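Participant: Structure below; questions to follow.
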Amino acid sequence: MVTGTSGPEWGRLSAEIRGCTLCELHRTRTQAVVYRGGSSPRVVFVGEAPGAEEDRRGEPFVGRSGRRLDEGIAQVGLGPSDFGIVNVLKCRPPKNVFSPTSAVTCHPYLDRQLALLQPDLVVPLGAHALRSLDPAASRITDVAGAPRTAGRWTLFPMLHPAATFRSRQNLARWEHDLLALRSILGGG
């Protein structure tokens, strides 16, 4: 099997995600959101669900939270080919309310994306992303900033970038965890 986004398996998977009608979220989406990043990323960030801007553009993390994430990615020293970004949910949920039922439906897509991308590290962003990858995990605020193993993946959970806009405490935690991530990645 060819890994990364350059092989035919990735093209088939992307087409399958874009045409998915397995849950109710397809009815209200503009388009499914598949991936943004390098073809063989070292780190894959996993968000919870697309927002309005992501639904419009068809790419994950391109709105306000995406700008915060991009700043963080630059801070840890990852170049454009070193990272990838996916979401648990591939379609925007109405009113941005995470759908656990749809997450179960989308989970095989996420598994297949990670299997093809083969990252060294997976960074779940927020509680829903963490629980999708590690159902036994404690609260995100208890485990963020420390590596852990879940199945075949090494996870480095972090707060969702949107949380950094809600409080200075969350922003400070985000900055602290970025430093820890940079250290893990060998950036200082």
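The way I read the labels, and the way they are meant: chains A, B, ... in the order of the structure tokens, residue 1 as the first residue of every chain, and ligand 1 as the first ligand shown, with later ones counted on from there.
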So that I can see what lies close to region 66-83 of chain A, please list as a list in words the residues with an atom at most 6 Å from it, counting only C-alpha atoms and leaving out residues fewer than 2 positions away in the same chain.
Facilitator: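 Residues meeting the cut-off are Gly37, Gly38, Pro41, Arg42, Val43, Val44, Phe61, Val62, Gly63, Arg64 and Arg182 of chain A.
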Participant: Got a sec to tell me which of region 7-171 of chain A DSSP assigns to helix (DSSP H, G or I), as a PyMOL selection string?
Facilitator: chain A and resi 8-18+24-27+52-57+64-75+94-96+100-117+127-133+140-143+161-165+168-171
Participant: Which residues come within 10 Å of Pro135 (chain A), counting only C-alpha atoms, excluding same-chain residues fewer than 6 positions away, as a ChimeraX atom specification?
Facilitator: /A:128-129,150
Participant: If you count only C-alpha atoms, which residues fall within 8 Å of Ile140 (chain A), apart from same-chain ones fewer than 6 positions away, as a VMD selection string?
Facilitator: chain A and resid 126 to 127 130 157 to 159
Participant: When distances are computed from only C-alpha atoms, which of A:Asp120, A:Glu59, A:Glu175, A:Glu54 shows the smallest separation from Phe156 (chain A)?
Facilitator: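 When distances to Phe156 (chain A) are compared using only C-alpha atoms, the smallest one comes from A:Asp120.
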Participant: Between A:Arg12, A:Phe98, A:Thr105, A:Ser65, which one has atoms that come closest to Ala163 (chain A), using only C-alpha atoms?
Facilitator: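 Answer, going by the shortest atom-to-atom distance: A:Ser65.
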Participant: Set the distance at 7 Å and use only C-alpha atoms: which residues neighbour Val88 (chain A) once local chain neighbours fewer than 6 positions away are removed? I'd like the list as a list in words.
Facilitator: Val46, Gly47, Glu48, Ala49, Ala103, Cys106, His107, Leu110 and Ala129 of chain A
Participant: May I have the residues within 12 Å of Asp111 (chain A) as a PyMOL selection string, using only C-alpha atoms and disregarding those fewer than 4 positions away in the same chain?
Facilitator: chain A and resi 13+46+86-88+103-107+115-118+122+132-133+151-153
Participant: Enumerate the residues of region 6-76 of chain A with a DSSP assignment of strand (DSSP E), computed from the backbone, and present them as a ChimeraX atom specification.
Facilitator: /A:36-37,43-47
Participant: With C-alpha atoms kept, could you save the residues just selected as a compact mmCIF listing (two decimals), in the first residue's frame?
Facilitator:
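Below is the file that was written, out_35.txt:
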```txt
# COMPACT_ATOMS: atom_id res chain seq x y z
CA ARG A 36 -5.05 20.09 4.39
CA GLY A 37 -1.31 19.54 4.54
CA VAL A 43 2.38 15.20 12.52
CA VAL A 44 -1.37 15.08 11.93
CA PHE A 45 -3.64 17.46 13.83
CA VAL A 46 -7.18 16.14 14.33
CA GLY A 47 -9.95 18.67 14.85
```
Participant: Counting only C-alpha atoms, what is within 9 Å of Thr30 (chain A), bar same-chain residues fewer than 4 positions away, as a PyMOL selection string?
Facilitator: chain A and resi 26+55-58+91-92
Participant: Residues of the last selection are to be written out with C-alpha atoms, as an mmCIF file, in the first residue's frame.
Facilitator:
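Final output, selection-v9.cif:
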```cif
data_model
loop_
_atom_site.group_PDB
_atom_site.id
_atom_site.type_symbol
_atom_site.label_atom_id
_atom_site.label_comp_id
_atom_site.auth_asym_id
_atom_site.auth_seq_id
_atom_site.Cartn_x
_atom_site.Cartn_y
_atom_site.Cartn_z
ATOM 1 C CA HIS A 26 -24.548 15.488 4.373
ATOM 2 C CA ASP A 55 -17.577 24.142 4.923
ATOM 3 C CA ARG A 56 -17.416 26.949 2.377
ATOM 4 C CA ARG A 57 -13.805 26.299 1.320
ATOM 5 C CA GLY A 58 -13.638 22.524 1.751
ATOM 6 C CA CYS A 91 -19.200 17.698 7.379
ATOM 7 C CA ARG A 92 -20.170 20.802 9.315
#
```
Participant: One decimal, Å: what's the distance from CA of Asp142 (chain A) over to CA of Ile184 (chain A), could you say?
Facilitator: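 We find that CA of Asp142 (chain A) and CA of Ile184 (chain A) lie 18.7 Å from each other.
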Participant: Do you have the CA of Val123 (chain A)-CA of Glu9 (chain A) distance handy?
Facilitator: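 CA of Glu9 (chain A) lies at a distance of 23.1 Å from CA of Val123 (chain A).
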